[in-house]
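Enquirer: Submitted below is the structure of interest, expressed as structure tokens.
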Amino acid sequence: METSSTGLEISPTKMDFRAYSISWNLTKRCNLNCDHCYLDAEFRGGLRTDELNTEECFRVIDQIAEVNPNAFLILTGGEPLLRPDIYEIIRYAADRKFMVVLGTNGTLINRANALKIKEAGAHGVGISIDSMDAGKHDKFRGVQNAWDQSMEAFNVLNEVGIDFLIQMSVSEMNYKEIPDVVAFAEKIGAMAFNLYFLVCTGRGQGNTDISNAAYEEALKMLYEQQMKYKGRLMINSKCAPQYKRVVYENDPDSVYTRTYSGGCPAATHYSRISPEGNLTPCPFIEESVGSLKTRTFKDLWENAPLMVELRNRKGLEGKCGACEFSAMCSGCRARAFAETGNYMATDPSCDYEPGAHGGKEITLKIEDTLGLEVEFHTQWTPEAKQRLDRIPSFARGMVVKGIEKYAMERDITLIDETVVKKSREEMITKRGAMFPFLKKFINTEEG
């Protein structure tokens, strides 16, 4: 049995590489024309015959379930609401207990389709807002009135009762607005705020649009917001694994450094499916590892050479290989390849010089991990297990682990509903700051 750099024991075959999150570009069709689009989506494009059809999508969902029955599935595009079968796809995935989030620009949401989204079983909707200035947002998105339409979408989602999160793509024109967009997200009742750092692929190729100094400033700004809204709003960085280093520099014991194992999740916890059914390590790595029309998700996830290569973080080169934060960060592999043509090269967006924190690799024991498979080591009553249905599938394994730890520390040999209820206060105290949704799914007496 090997031991990973995070201190976890890992199997030599399975390692600790669980397909926790899959981003699925269901279509290239889109009603917006964003300059930074990594997919190079077709502005007002027509029906495409090369996209996976409904039955093929169902088959892929079944294959993902073989690898991880608790997967976090992001259905996006292009604009996924342009697919007439989007509600069937959501329902099929939700029926298999995936946590399904619809990633949309929000401009097409109305009460009728919001009700369909909810009835199909989606756990939430992600909408992109890149500025609190409507003109700047519309220019960024390439279409007039996009901001107003997205604002109306939030009203509809609140009225219908669908959880939503706000996503922001950071650039030189808007990174100073991060606190304003975060404040807006909390004000309108968003469950989370995700800050995306552009990788120069697709239409964004050759245009990172943010200096390294601004990149670092944005990460520090995000940490300040995360502390300010702790327990009220879940705040994340995307495509910026250096954020863990920023958190560590502010608080080495922070729970935010101990929840996700490793750094850049490409091929280790994350992958992308293209509209044509090709699997790639992440949305910003365009190189296909194979087609899901001819090979299974399990086969490609476990055996594709590029997936295996990206998991060998000991092969990192340059500053990333020498950095004491390589185990918790590792740099963005998509950005390294986009800039150098080498997946293992230094992430060019990072100005940190290795050695500033002593030069010795910093490793942390991962205490709680999202995406854990549900494993029962203690006897549970059927009623107690039924309560777990309230927990999003991607967090269920983590919650089960926490409840069983609570029971073990008190010599409880049978977990019933009373034990689950009593453990929730401790769980919310420990994890609620990081995952506000636990309050909604755990802190409920009835129903």
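Chain labels A, B, ... are given in the sequence in which chains occur in the structure tokens; within each chain residues are numbered consecutively from 1, and ligands are likewise numbered from 1 in the order shown.
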Could you give me, as an MDAnalysis selection string, the residues within 7 Å of Thr268 in chain A, counting only C-alpha atoms and dropping anything in the same chain fewer than 6 positions from it?

Expert: chainID A and resid 17:18 311

Enquirer: Counting only C-alpha atoms, what is within 10 Å of range 131-146 of chain A, bar same-chain residues fewer than 6 positions away, as number ranges by chain?

Expert: A: 31-37, 43, 105-108, 168-171, 173-178, 180-181, 184

Enquirer: How close does range 251-347 of chain A get to range 77-82 of chain A? List, as a tab-separated table, each residue of range 251-347 of chain A within 12 Å, its nearest atom pair and the distance in Å to one decimal, counting only C-alpha atoms.

Expert:
residue	atom	partner	partner_atom	distance
A:Arg272	CA	A:Gly77	CA	11.3
A:Ile273	CA	A:Gly77	CA	10.4
A:Ser274	CA	A:Gly77	CA	8.9
A:Pro275	CA	A:Gly77	CA	7.9
A:Glu276	CA	A:Gly77	CA	11.7
A:Pro283	CA	A:Gly77	CA	10.8

Enquirer: Skip Asn303 in chain A itself and residues of its chain fewer than 6 positions away, then list as a list in words all residues within 12 Å of it, counting only C-alpha atoms.

Expert: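 Listed by chain and then number, they are Thr13, Lys14, Phe17, Ala267, Val289, Gly290, Arg295, Thr296, Phe297, Glu309, Leu310 and Arg311 of chain A.
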
Enquirer: What's the separation between CA of His269 in chain A and CA of Lys118 in chain A, in Å to one decimal place?

Expert: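 Going from CA of His269 in chain A over to CA of Lys118 in chain A covers 27.1 Å.
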